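*Asks:* Following this line is entry-v6.cif, made up of mmCIF, C-alpha atoms and all ligand atoms:
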data_my_file
loop_
_atom_site.label_atom_id
_atom_site.label_comp_id
_atom_site.auth_asym_id
_atom_site.auth_seq_id
_atom_site.Cartn_x
_atom_site.Cartn_y
_atom_site.Cartn_z
CA MET Q 1 28.74 43.63 -70.74
CA ILE Q 2 29.33 43.02 -67.05
CA THR Q 3 30.23 39.47 -66.03
CA LEU Q 4 31.49 37.62 -62.98
CA THR Q 5 35.20 36.86 -62.85
CA ASP Q 6 36.30 33.23 -62.59
CA GLU Q 7 37.21 33.95 -58.97
CA GLN Q 8 33.65 35.13 -58.28
CA LYS Q 9 32.24 32.08 -60.03
CA ARG Q 10 34.41 29.84 -57.85
CA GLN Q 11 33.03 31.64 -54.82
CA LEU Q 12 29.46 31.20 -56.08
CA PHE Q 13 30.13 27.51 -56.69
CA HIS Q 14 31.45 26.84 -53.19
CA ASP Q 15 29.36 29.25 -51.11
CA GLY Q 16 26.14 28.99 -53.15
CA TYR Q 17 25.69 32.75 -53.17
CA ILE Q 18 27.57 35.90 -53.96
CA VAL Q 19 27.16 39.58 -53.15
CA LEU Q 20 27.68 41.88 -56.11
CA LYS Q 21 28.75 45.35 -55.04
CA GLY Q 22 27.39 48.40 -56.79
CA VAL Q 23 25.50 46.68 -59.61
CA VAL Q 24 22.31 48.71 -59.07
CA SER Q 25 22.70 52.41 -59.87
CA ASP Q 26 21.83 55.18 -57.41
CA ASP Q 27 18.98 56.30 -59.69
CA LEU Q 28 17.37 52.87 -59.61
CA VAL Q 29 17.83 52.56 -55.86
CA GLU Q 30 16.33 55.99 -55.22
CA ALA Q 31 13.35 55.31 -57.50
CA GLY Q 32 12.68 52.04 -55.66
CA GLN Q 33 12.98 53.65 -52.25
CA ALA Q 34 10.69 56.51 -53.31
CA ARG Q 35 8.06 54.08 -54.60
CA ILE Q 36 8.00 52.27 -51.26
CA LYS Q 37 7.85 55.54 -49.36
CA LYS Q 38 4.80 56.78 -51.25
CA ALA Q 39 2.89 53.46 -50.96
CA GLN Q 40 -0.61 53.67 -49.50
CA LYS Q 41 -1.25 51.61 -46.42
CA GLY Q 42 -1.87 48.01 -47.53
CA GLU Q 43 -0.99 48.74 -51.17
CA ASN Q 44 0.46 45.79 -53.07
CA LEU Q 45 3.71 46.91 -54.67
CA SER Q 46 4.67 43.58 -56.19
CA GLY Q 47 4.12 44.78 -59.76
CA ALA Q 48 5.72 48.23 -59.40
CA THR Q 49 8.16 48.84 -62.26
CA GLU Q 50 10.34 50.95 -59.96
CA LEU Q 51 10.95 47.70 -58.07
CA THR Q 52 11.13 45.19 -60.94
CA ASP Q 53 13.59 47.55 -62.64
CA LEU Q 54 16.06 46.76 -59.87
CA VAL Q 55 16.69 43.60 -61.90
CA ASN Q 56 15.35 44.48 -65.34
CA ALA Q 57 17.23 47.77 -65.77
CA SER Q 58 20.30 47.15 -63.62
CA GLY Q 59 23.58 45.29 -63.95
CA VAL Q 60 21.92 42.21 -62.48
CA THR Q 61 20.31 41.09 -65.75
CA PRO Q 62 23.47 40.96 -67.91
CA ILE Q 63 25.38 39.27 -65.10
CA LEU Q 64 22.68 36.62 -64.65
CA ASN Q 65 22.32 36.14 -68.40
CA GLU Q 66 26.00 35.30 -68.60
CA VAL Q 67 26.34 33.14 -65.49
CA MET Q 68 22.94 31.42 -65.62
CA GLY Q 69 21.23 32.02 -68.96
CA GLN Q 70 18.02 33.51 -70.28
CA PHE Q 71 15.04 34.15 -68.01
CA ASP Q 72 11.75 36.01 -68.10
CA PRO Q 73 12.21 39.59 -66.89
CA PRO Q 74 10.37 39.57 -63.57
CA SER Q 75 6.98 41.29 -63.72
CA ARG Q 76 6.56 40.96 -59.98
CA VAL Q 77 8.72 41.01 -56.90
CA GLN Q 78 8.39 39.94 -53.29
CA VAL Q 79 8.60 43.13 -51.27
CA GLY Q 80 10.41 41.71 -48.26
CA VAL Q 81 9.84 44.25 -45.52
CA ILE Q 82 10.63 43.31 -41.91
CA LYS Q 83 9.63 45.89 -39.31
CA GLN Q 84 11.75 46.49 -36.24
CA SER Q 85 10.76 44.20 -33.40
CA GLY Q 86 11.99 42.64 -30.21
CA PRO Q 87 11.66 38.90 -29.57
CA LYS Q 88 8.02 37.74 -29.72
CA ASP Q 89 5.96 34.98 -28.09
CA PHE Q 90 4.10 33.67 -31.13
CA TYR Q 91 4.76 30.18 -32.46
CA SER Q 92 6.66 30.31 -35.73
CA PRO Q 93 6.17 27.74 -38.51
CA LEU Q 94 9.03 25.74 -36.99
CA GLY Q 95 6.73 25.09 -34.00
CA TYR Q 96 8.77 27.08 -31.46
CA ARG Q 97 8.12 30.48 -29.92
CA GLU Q 98 9.86 33.08 -32.04
CA ARG Q 99 11.85 34.39 -29.08
CA ASP Q 100 13.18 30.88 -28.35
CA LEU Q 101 14.72 30.34 -31.77
CA PRO Q 102 18.41 31.27 -31.81
CA TYR Q 103 20.08 33.55 -34.33
CA PHE Q 104 17.44 36.29 -34.38
CA GLY Q 105 14.42 34.01 -34.56
CA HIS Q 106 15.62 32.32 -37.71
CA GLY Q 107 13.36 30.05 -39.75
CA MET Q 108 15.97 28.30 -41.85
CA HIS Q 109 14.29 26.45 -44.70
CA ALA Q 110 14.54 24.81 -48.05
CA GLU Q 111 12.60 26.86 -50.59
CA GLY Q 112 9.34 25.75 -52.20
CA LEU Q 113 7.65 23.94 -49.30
CA PHE Q 114 3.98 23.74 -48.32
CA THR Q 115 3.32 25.87 -45.23
CA VAL Q 116 0.22 26.60 -43.17
CA GLY Q 117 -0.34 28.99 -40.30
CA PRO Q 118 1.23 27.50 -37.18
CA PRO Q 119 -1.23 26.66 -34.35
CA GLN Q 120 -0.84 29.25 -31.57
CA GLN Q 121 -1.90 26.72 -28.91
CA PRO Q 122 -0.24 23.31 -28.58
CA ALA Q 123 -2.07 20.97 -30.97
CA GLU Q 124 -4.10 18.14 -29.48
CA GLY Q 125 -4.59 14.59 -30.66
CA THR Q 126 -2.49 11.95 -32.33
CA PRO Q 127 0.13 12.83 -34.96
CA ASP Q 128 -2.24 11.51 -37.61
CA GLU Q 129 -5.04 13.77 -36.39
CA ILE Q 130 -2.72 16.78 -36.26
CA TYR Q 131 -1.45 16.02 -39.78
CA LYS Q 132 -5.00 15.88 -41.16
CA ARG Q 133 -5.95 19.12 -39.43
CA LEU Q 134 -2.86 20.94 -40.66
CA ILE Q 135 -3.21 19.96 -44.31
CA ALA Q 136 -6.90 20.95 -44.18
CA SER Q 137 -6.09 24.43 -42.83
CA GLY Q 138 -4.97 25.98 -46.13
CA PRO Q 139 -7.10 28.19 -48.40
CA ARG Q 140 -8.90 25.26 -50.08
CA GLY Q 141 -10.01 23.56 -46.88
CA ASP Q 142 -10.22 19.83 -46.31
CA LEU Q 143 -9.44 17.85 -49.47
CA GLY Q 144 -7.66 15.03 -47.70
CA ARG Q 145 -4.08 14.16 -48.63
CA SER Q 146 -3.98 15.23 -52.24
CA ALA Q 147 -1.88 17.23 -54.69
CA ASP Q 148 -4.80 19.66 -54.97
CA VAL Q 149 -4.13 20.85 -51.42
CA ILE Q 150 -2.25 24.15 -51.18
CA GLY Q 151 -0.79 25.88 -48.16
CA SER Q 152 -1.44 29.36 -46.85
CA ASN Q 153 1.77 30.27 -48.68
CA THR Q 154 0.08 28.88 -51.89
CA ASP Q 155 2.63 26.06 -52.18
CA PRO Q 156 1.03 22.74 -53.17
CA LEU Q 157 1.28 19.87 -50.68
CA PHE Q 158 2.68 17.94 -53.63
CA GLN Q 159 3.69 19.41 -56.97
CA ASP Q 160 2.70 16.39 -59.05
CA PRO Q 161 -0.52 14.33 -59.20
CA ASP Q 162 1.39 11.18 -58.19
CA MET Q 163 2.60 12.89 -54.99
CA THR Q 164 6.29 12.13 -55.59
CA LEU Q 165 7.58 15.70 -55.45
CA SER Q 166 6.87 18.13 -52.63
CA VAL Q 167 9.36 20.91 -53.41
CA GLY Q 168 8.61 23.68 -55.88
CA SER Q 169 11.70 24.92 -57.68
CA PHE Q 170 13.34 27.62 -59.72
CA THR Q 171 16.99 28.44 -60.43
CA ALA Q 172 18.16 31.56 -58.61
CA PHE Q 173 17.19 34.14 -56.05
CA VAL Q 174 18.15 37.73 -56.58
CA ILE Q 175 17.99 39.87 -53.45
CA VAL Q 176 18.26 43.63 -53.79
CA PRO Q 177 18.46 45.62 -50.54
CA LEU Q 178 16.95 49.10 -50.38
CA ASN Q 179 18.30 49.96 -46.95
CA ASP Q 180 21.67 49.69 -45.24
CA GLN Q 181 22.14 46.20 -43.81
CA ARG Q 182 25.85 46.21 -43.02
CA THR Q 183 25.38 45.62 -39.29
CA GLU Q 184 24.03 42.26 -38.08
CA GLY Q 185 20.62 42.06 -36.49
CA CYS Q 186 18.62 44.38 -38.73
CA GLY Q 187 16.53 41.71 -40.41
CA GLN Q 188 18.99 40.42 -42.98
CA THR Q 189 18.39 37.45 -45.20
CA ALA Q 190 20.69 34.75 -43.85
CA VAL Q 191 22.14 31.65 -45.53
CA ILE Q 192 24.51 28.79 -44.80
CA PRO Q 193 27.50 29.07 -47.10
CA GLY Q 194 28.02 25.63 -48.64
CA GLY Q 195 24.59 24.46 -47.50
CA HIS Q 196 23.40 24.18 -51.11
CA HIS Q 197 25.74 21.24 -51.67
CA ILE Q 198 24.39 19.48 -48.57
CA LEU Q 199 20.75 19.99 -49.55
CA GLU Q 200 21.25 19.04 -53.21
CA SER Q 201 23.02 15.87 -52.07
CA PHE Q 202 20.05 15.03 -49.86
CA TYR Q 203 17.61 15.53 -52.75
CA ARG Q 204 19.80 13.21 -54.81
CA TRP Q 205 19.89 10.62 -52.03
CA GLN Q 206 16.08 10.77 -51.72
CA TYR Q 207 15.67 10.36 -55.46
CA GLU Q 208 17.96 7.33 -55.47
CA GLN Q 209 15.96 5.68 -52.66
CA SER Q 210 12.48 5.97 -54.12
CA GLY Q 211 12.18 8.60 -56.83
CA CYS Q 212 10.41 10.88 -54.34
CA ILE Q 213 11.83 14.28 -53.38
CA GLY Q 214 10.94 16.58 -50.50
CA PRO Q 215 8.84 16.22 -47.32
CA GLU Q 216 7.12 12.83 -47.06
CA GLY Q 217 9.92 11.40 -49.21
CA PRO Q 218 12.71 9.27 -47.68
CA GLY Q 219 14.20 10.61 -44.44
CA TRP Q 220 11.97 13.67 -44.32
CA PRO Q 221 8.72 13.66 -42.33
CA ARG Q 222 6.62 16.74 -43.08
CA PHE Q 223 5.75 17.81 -39.53
CA ASP Q 224 7.38 17.53 -36.12
CA TYR Q 225 4.85 16.70 -33.39
CA GLU Q 226 7.40 17.13 -30.61
CA THR Q 227 7.98 20.85 -30.90
CA PRO Q 228 6.38 23.09 -28.23
CA ASN Q 229 3.21 23.59 -30.35
CA ARG Q 230 3.27 19.95 -31.54
CA ALA Q 231 2.95 21.12 -35.14
CA GLY Q 232 6.33 22.26 -36.46
CA HIS Q 233 7.06 22.27 -40.18
CA ILE Q 234 10.21 20.31 -40.89
CA TYR Q 235 11.78 22.74 -43.30
CA LEU Q 236 15.08 20.86 -43.41
CA PRO Q 237 15.31 17.17 -42.56
CA ARG Q 238 17.25 16.13 -39.46
CA ALA Q 239 20.08 14.58 -41.50
CA VAL Q 240 20.60 17.86 -43.37
CA GLN Q 241 20.55 19.89 -40.13
CA GLU Q 242 23.28 17.61 -38.75
CA LYS Q 243 25.44 18.02 -41.85
CA LEU Q 244 24.98 21.79 -41.76
CA ILE Q 245 26.08 21.92 -38.12
CA GLU Q 246 29.11 19.79 -39.01
CA LEU Q 247 29.93 22.09 -41.91
CA ILE Q 248 29.81 25.20 -39.73
CA GLY Q 249 32.08 23.50 -37.22
CA GLU Q 250 31.15 25.46 -34.09
CA THR Q 251 29.03 24.55 -31.08
CA PRO Q 252 25.50 25.36 -32.18
CA GLU Q 253 22.99 27.31 -30.13
CA THR Q 254 19.88 25.43 -29.05
CA THR Q 255 16.20 25.98 -28.43
CA PRO Q 256 15.12 25.46 -24.76
CA ASP Q 257 14.40 21.79 -25.52
CA GLY Q 258 18.11 21.28 -26.23
CA ARG Q 259 17.80 20.93 -29.99
CA PRO Q 260 20.79 22.36 -31.87
CA TRP Q 261 20.37 24.64 -34.87
CA PRO Q 262 22.96 25.56 -37.52
CA ARG Q 263 24.14 29.17 -37.36
CA PRO Q 264 23.26 31.11 -40.48
CA THR Q 265 25.43 33.83 -41.98
CA GLN Q 266 23.67 37.14 -42.38
CA ILE Q 267 24.11 38.64 -45.83
CA LEU Q 268 25.47 42.13 -45.17
CA MET Q 269 24.65 44.54 -47.96
CA GLU Q 270 23.90 48.17 -48.68
CA PRO Q 271 21.81 49.87 -51.35
CA GLY Q 272 23.42 49.38 -54.75
CA ASP Q 273 24.35 45.78 -53.97
CA ALA Q 274 22.56 42.61 -55.03
CA ALA Q 275 22.96 39.02 -53.87
CA ILE Q 276 22.55 36.04 -56.17
CA THR Q 277 21.79 32.73 -54.50
CA ILE Q 278 21.32 29.28 -55.98
CA PHE Q 279 17.84 27.82 -55.39
CA GLN Q 280 19.11 24.95 -53.18
CA MET Q 281 20.58 27.33 -50.58
CA PRO Q 282 19.00 26.95 -47.11
CA HIS Q 283 17.97 30.47 -46.11
CA THR Q 284 15.86 32.54 -43.76
CA GLY Q 285 14.72 36.00 -42.87
CA THR Q 286 15.72 37.19 -39.41
CA ARG Q 287 14.37 39.45 -36.69
CA ASN Q 288 15.02 43.14 -37.21
CA GLU Q 289 16.00 43.76 -33.62
CA PHE Q 290 18.68 46.42 -33.93
CA GLY Q 291 17.80 48.21 -37.17
CA THR Q 292 16.97 51.89 -37.26
CA GLU Q 293 14.33 51.37 -39.96
CA SER Q 294 12.39 48.49 -41.54
CA ARG Q 295 14.49 46.02 -43.49
CA LYS Q 296 13.71 46.24 -47.18
CA ASN Q 297 14.84 43.39 -49.43
CA MET Q 298 13.37 43.06 -52.90
CA ILE Q 299 13.38 39.32 -53.57
CA PHE Q 300 13.13 37.87 -57.09
CA ARG Q 301 12.67 34.21 -57.99
CA ILE Q 302 14.28 33.49 -61.34
CA ARG Q 303 14.04 30.32 -63.41
CA ASN Q 304 16.21 29.47 -66.38
CA LYS Q 305 14.01 29.75 -69.46
CA SER Q 306 15.17 26.36 -70.71
CA ARG Q 307 13.25 24.51 -67.96
CA GLN Q 308 9.90 25.36 -69.59
CA PRO Q 309 10.37 27.64 -72.63
CA ASP Q 310 6.60 28.02 -73.16
CA LYS Q 311 5.77 29.16 -69.64
CA VAL Q 312 6.22 32.68 -68.34
CA VAL Q 313 7.58 33.04 -64.81
CA SER Q 314 6.48 36.10 -62.85
CA GLY Q 315 9.35 36.45 -60.42
CA VAL Q 316 7.42 35.67 -57.22
CA SER Q 317 6.35 32.04 -57.49
CA ASP Q 318 8.45 29.32 -55.89
CA HIS Q 319 6.38 26.61 -57.62
CA PRO Q 320 6.15 27.69 -61.27
CA ASP Q 321 5.35 24.18 -62.53
CA ARG Q 322 1.86 24.95 -61.16
CA GLY Q 323 -0.13 28.19 -61.23
CA GLN Q 324 0.30 30.71 -58.45
CA MET Q 325 -2.69 29.24 -56.57
CA GLY Q 326 -1.75 25.66 -57.43
CA GLU Q 327 -3.71 25.51 -60.70
CA TRP Q 328 -2.71 22.65 -63.02
CA LEU Q 329 -0.93 23.94 -66.12
CA GLU Q 330 -1.00 22.25 -69.50
CA TYR Q 331 2.13 20.71 -70.95
CA GLU Q 332 2.59 19.22 -74.39
CA PRO Q 333 2.90 15.42 -74.67
CA GLY Q 334 6.32 14.20 -73.63
CA ASN Q 335 6.99 17.21 -71.40
CA ASP Q 336 6.88 16.03 -67.79
CA PRO Q 337 7.49 19.21 -65.77
CA PHE Q 338 7.95 17.30 -62.54
CA ALA Q 339 10.60 15.01 -63.99
CA ARG Q 340 12.43 18.09 -65.29
CA SER Q 341 12.25 19.74 -61.89
CA LYS Q 342 13.53 16.61 -60.15
CA GLN Q 343 16.46 16.65 -62.55
CA ALA Q 344 17.12 20.33 -61.74
CA LEU Q 345 16.82 19.75 -57.98
CA THR Q 346 19.37 16.95 -58.05
CA HIS Q 347 21.76 18.55 -60.58
CA MET Q 348 21.76 22.09 -59.31
CA TRP Q 349 24.34 23.66 -61.63
CA GLN Q 350 22.87 22.29 -64.85
CA GLU Q 351 20.80 25.44 -65.39
CA TRP Q 352 23.79 27.71 -64.75
CA GLU Q 353 25.13 27.85 -68.29
CA GLY Q 354 28.07 30.17 -67.58
CA MET Q 355 29.24 28.07 -64.64
CA GLN Q 356 30.02 24.87 -66.54
CA ASP Q 357 33.84 25.28 -66.76
CA ILE Q 358 34.09 26.20 -63.09
CA VAL Q 359 31.78 23.33 -62.10
CA ALA Q 360 33.96 20.89 -64.06
CA GLN Q 361 37.14 22.23 -62.41
CA GLU Q 362 35.86 22.55 -58.86
CA SER Q 363 33.62 19.51 -58.45
CA ALA Q 364 36.69 17.35 -57.88
CA ASN Q 365 37.46 19.38 -54.72
CA LEU Q 366 34.09 18.68 -53.13
CA THR Q 367 33.64 16.16 -50.36
CA PRO Q 368 30.66 13.92 -51.12
CA VAL Q 369 27.89 14.12 -48.50
CA ASP Q 370 27.10 10.68 -47.10
CA TYR Q 371 23.51 9.93 -46.17
CA SER Q 372 23.82 6.15 -46.13
CA HIS Q 373 23.11 6.11 -42.35
CA VAL Q 374 19.71 7.79 -42.74
CA ASP Q 375 16.58 5.71 -42.24
CA VAL Q 376 14.45 5.70 -45.34
FE FE X 1 12.32 31.16 -48.67
#
Please lay out the structure from this file as structure tokens.

*Replies:*
Amino acid sequence: MITLTDEQKRQLFHDGYIVLKGVVSDDLVEAGQARIKKAQKGENLSGATELTDLVNASGVTPILNEVMGQFDPPSRVQVGVIKQSGPKDFYSPLGYRERDLPYFGHGMHAEGLFTVGPPQQPAEGTPDEIYKRLIASGPRGDLGRSADVIGSNTDPLFQDPDMTLSVGSFTAFVIVPLNDQRTEGCGQTAVIPGGHHILESFYRWQYEQSGCIGPEGPGWPRFDYETPNRAGHIYLPRAVQEKLIELIGETPETTPDGRPWPRPTQILMEPGDAAITIFQMPHTGTRNEFGTESRKNMIFRIRNKSRQPDKVVSGVSDHPDRGQMGEWLEYEPGNDPFARSKQALTHMWQEWEGMQDIVAQESANLTPVDYSHVDV
């Protein structure tokens, strides 16, 4: 059985992610690449076994079983292809033109958030009017402010009927590259090492204030009406952005309006590698400006089976407490899925069964993140 060394676990604890070299065999890589190559135009490859085998038949599964625990073998995968492109004029979900966002048009975000298509003309009206229009622009149309609303990314506006949780959650990402991404600027997934600790601390602070977690909870408005399109998604609250910039410790680049953004670290990998990332890690795709081919990352969303032993997780949903299209799932009496997910969001290593010794040893070395200055 292959397992992480204690040194690797320490790295995972502090950085929030780790790259595992050579854990996917050449045969598996080649089969995955061949499957993508022979895809018909527009074909959905998310259920292709040649791709799900990159986790199910590789060294990734035994490693994850040891460090995290049991999970449903993914039956589907996000086929994360980013074509080569120069900077573009369109407004990204952050509300800025793609070409104006630093660090290869990053869209750094917390996972599991409601998203709709960003207006491509500056939005008109009051913030309240823009809010109502945005939440009505998803696939279900205008339902008002309700937990039945889902985004164009299928994420519910709120996970729970009481509207106290607006972040979907799972336990780990696994990212398996099928092309060479060892040089920056070819569309890599990027993260902020240590950012998981900052985001988890914010979730915990929110929970302590009001029991609500995510956008529309304490210190986290959902939209920013002052971005160039007046309809930016706030994917990370201002207080978290500031802490991330502090953590990185260099002068940040800015958008033309002078707003600073934390510099992400591109995950450099090559075929055969896999990255494991904790759910709370702020992350983003990036522009494939300098690649010689499309960037191909197979992205799996894994949840520890203990969260909801009776539910099967597919590997693509970032909100598995609800159905893929936001359907309400049934839970037995006494099983509050949203309370369990709040617990997991605010105690991020609890579902990492093989990390417990390292967490106990290393937690003492962590600096607490102070949000006491943030307006509720
Ligand atoms: Fe994401």

*Asks:* At a cut-off of 7 Å, can you tabulate as JSON lines every residue of chain Q near ligand FE 1 (chain X) together with its closest atom pair and the distance in Å to one decimal, using all atoms listed in the file and ordering rows by chain then number?

*Replies:*
{"residue": "Q:His109", "atom": "CA", "partner": "X:FE1", "partner_atom": "FE", "distance": 6.5}
{"residue": "Q:Ala110", "atom": "CA", "partner": "X:FE1", "partner_atom": "FE", "distance": 6.8}
{"residue": "Q:Glu111", "atom": "CA", "partner": "X:FE1", "partner_atom": "FE", "distance": 4.7}
{"residue": "Q:His283", "atom": "CA", "partner": "X:FE1", "partner_atom": "FE", "distance": 6.2}
{"residue": "Q:Thr284", "atom": "CA", "partner": "X:FE1", "partner_atom": "FE", "distance": 6.2}

*Asks:* Atom CA of Q:Gln361 and atom CA of Q:Gly69, how far apart in Å?

*Replies:* 19.8 Å

*Asks:* Interatomic distance between atom CA of Q:Tyr96 and atom CA of Q:Ser317?

*Replies:*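 Distance reported for this atom pair: 26.6 Å.
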
*Asks:* Using only C-alpha atoms, which protein or nucleic acid residues come within 7 Å of Q:Val67? Drop anything in the same chain fewer than 4 positions from it, and give the result as a PyMOL selection string.

*Replies:* chain Q and resi 63+352-355

*Asks:* Can you pull out the residues contacting Q:Met269? Cut-off 7 Å, using all atoms listed in the file, and skip same-chain residues under 6 positions away; I want them as an MDAnalysis selection string.

*Replies:* chainID Q and resid 177 180:182

*Asks:* For Q:Gln350, which of Q:Thr251, Q:Thr164, Q:Ser306, Q:Thr367 is the closest residue, counting only C-alpha atoms?

*Replies:*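 Among the listed residues, Q:Ser306 lies closest to Q:Gln350.
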
*Asks:* Could you rebuild stretch 196-204 of chain Q with all heavy atoms and give it back as an mmCIF file, in the coordinates of the input?

*Replies:*
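Generated output (part30.cif):
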data_model
loop_
_atom_site.group_PDB
_atom_site.id
_atom_site.type_symbol
_atom_site.label_atom_id
_atom_site.label_comp_id
_atom_site.auth_asym_id
_atom_site.auth_seq_id
_atom_site.Cartn_x
_atom_site.Cartn_y
_atom_site.Cartn_z
ATOM 1 N N HIS Q 196 24.061 24.616 -49.863
ATOM 2 C CA HIS Q 196 23.400 24.180 -51.110
ATOM 3 C C HIS Q 196 23.878 22.786 -51.514
ATOM 4 O O HIS Q 196 23.115 21.976 -52.006
ATOM 5 C CB HIS Q 196 23.651 25.191 -52.223
ATOM 6 C CG HIS Q 196 25.106 25.403 -52.544
ATOM 7 N ND1 HIS Q 196 26.059 25.653 -51.586
ATOM 8 C CD2 HIS Q 196 25.775 25.383 -53.727
ATOM 9 C CE1 HIS Q 196 27.242 25.780 -52.164
ATOM 10 N NE2 HIS Q 196 27.095 25.616 -53.465
ATOM 11 N N HIS Q 197 25.154 22.532 -51.301
ATOM 12 C CA HIS Q 197 25.740 21.240 -51.670
ATOM 13 C C HIS Q 197 25.147 20.129 -50.784
ATOM 14 O O HIS Q 197 24.836 19.035 -51.257
ATOM 15 C CB HIS Q 197 27.261 21.357 -51.495
ATOM 16 C CG HIS Q 197 28.022 20.100 -51.709
ATOM 17 N ND1 HIS Q 197 27.838 19.294 -52.812
ATOM 18 C CD2 HIS Q 197 28.985 19.504 -50.956
ATOM 19 C CE1 HIS Q 197 28.660 18.254 -52.715
ATOM 20 N NE2 HIS Q 197 29.349 18.348 -51.606
ATOM 21 N N ILE Q 198 24.944 20.451 -49.515
ATOM 22 C CA ILE Q 198 24.390 19.480 -48.570
ATOM 23 C C ILE Q 198 22.921 19.180 -48.902
ATOM 24 O O ILE Q 198 22.490 18.024 -48.877
ATOM 25 C CB ILE Q 198 24.564 20.025 -47.125
ATOM 26 C CG1 ILE Q 198 26.041 19.909 -46.742
ATOM 27 C CG2 ILE Q 198 23.664 19.301 -46.131
ATOM 28 C CD1 ILE Q 198 26.415 20.538 -45.427
ATOM 29 N N LEU Q 199 22.163 20.208 -49.236
ATOM 30 C CA LEU Q 199 20.750 19.990 -49.550
ATOM 31 C C LEU Q 199 20.575 19.288 -50.898
ATOM 32 O O LEU Q 199 19.777 18.350 -51.022
ATOM 33 C CB LEU Q 199 19.988 21.332 -49.539
ATOM 34 C CG LEU Q 199 18.474 21.235 -49.712
ATOM 35 C CD1 LEU Q 199 17.828 20.322 -48.667
ATOM 36 C CD2 LEU Q 199 17.839 22.640 -49.637
ATOM 37 N N GLU Q 200 21.338 19.713 -51.896
ATOM 38 C CA GLU Q 200 21.250 19.040 -53.210
ATOM 39 C C GLU Q 200 21.589 17.548 -53.064
ATOM 40 O O GLU Q 200 20.932 16.680 -53.642
ATOM 41 C CB GLU Q 200 22.188 19.680 -54.227
ATOM 42 C CG GLU Q 200 22.103 19.019 -55.612
ATOM 43 C CD GLU Q 200 23.434 18.968 -56.339
ATOM 44 O OE1 GLU Q 200 24.488 18.864 -55.660
ATOM 45 O OE2 GLU Q 200 23.432 19.022 -57.581
ATOM 46 N N SER Q 201 22.624 17.267 -52.264
ATOM 47 C CA SER Q 201 23.020 15.870 -52.070
ATOM 48 C C SER Q 201 21.897 15.075 -51.416
ATOM 49 O O SER Q 201 21.694 13.896 -51.719
ATOM 50 C CB SER Q 201 24.272 15.771 -51.189
ATOM 51 O OG SER Q 201 25.342 16.465 -51.776
ATOM 52 N N PHE Q 202 21.169 15.728 -50.508
ATOM 53 C CA PHE Q 202 20.050 15.030 -49.860
ATOM 54 C C PHE Q 202 18.937 14.761 -50.878
ATOM 55 O O PHE Q 202 18.359 13.667 -50.896
ATOM 56 C CB PHE Q 202 19.506 15.850 -48.687
ATOM 57 C CG PHE Q 202 18.479 15.095 -47.882
ATOM 58 C CD1 PHE Q 202 18.878 14.144 -46.948
ATOM 59 C CD2 PHE Q 202 17.121 15.294 -48.080
ATOM 60 C CE1 PHE Q 202 17.945 13.412 -46.213
ATOM 61 C CE2 PHE Q 202 16.176 14.566 -47.350
ATOM 62 C CZ PHE Q 202 16.591 13.626 -46.419
ATOM 63 N N TYR Q 203 18.629 15.756 -51.700
ATOM 64 C CA TYR Q 203 17.610 15.530 -52.750
ATOM 65 C C TYR Q 203 18.020 14.350 -53.626
ATOM 66 O O TYR Q 203 17.203 13.523 -54.030
ATOM 67 C CB TYR Q 203 17.437 16.784 -53.613
ATOM 68 C CG TYR Q 203 16.716 17.929 -52.931
ATOM 69 C CD1 TYR Q 203 17.082 19.261 -53.179
ATOM 70 C CD2 TYR Q 203 15.657 17.698 -52.066
ATOM 71 C CE1 TYR Q 203 16.416 20.309 -52.568
ATOM 72 C CE2 TYR Q 203 14.982 18.748 -51.454
ATOM 73 C CZ TYR Q 203 15.377 20.057 -51.712
ATOM 74 O OH TYR Q 203 14.710 21.096 -51.113
ATOM 75 N N ARG Q 204 19.303 14.287 -53.943
ATOM 76 C CA ARG Q 204 19.800 13.210 -54.810
ATOM 77 C C ARG Q 204 19.665 11.851 -54.102
ATOM 78 O O ARG Q 204 19.248 10.871 -54.697
ATOM 79 C CB ARG Q 204 21.261 13.499 -55.156
ATOM 80 C CG ARG Q 204 21.693 12.861 -56.437
ATOM 81 C CD ARG Q 204 23.115 13.214 -56.748
ATOM 82 N NE ARG Q 204 23.223 14.536 -57.375
ATOM 83 C CZ ARG Q 204 24.204 14.859 -58.213
ATOM 84 N NH1 ARG Q 204 25.143 13.979 -58.497
ATOM 85 N NH2 ARG Q 204 24.252 16.058 -58.754
#
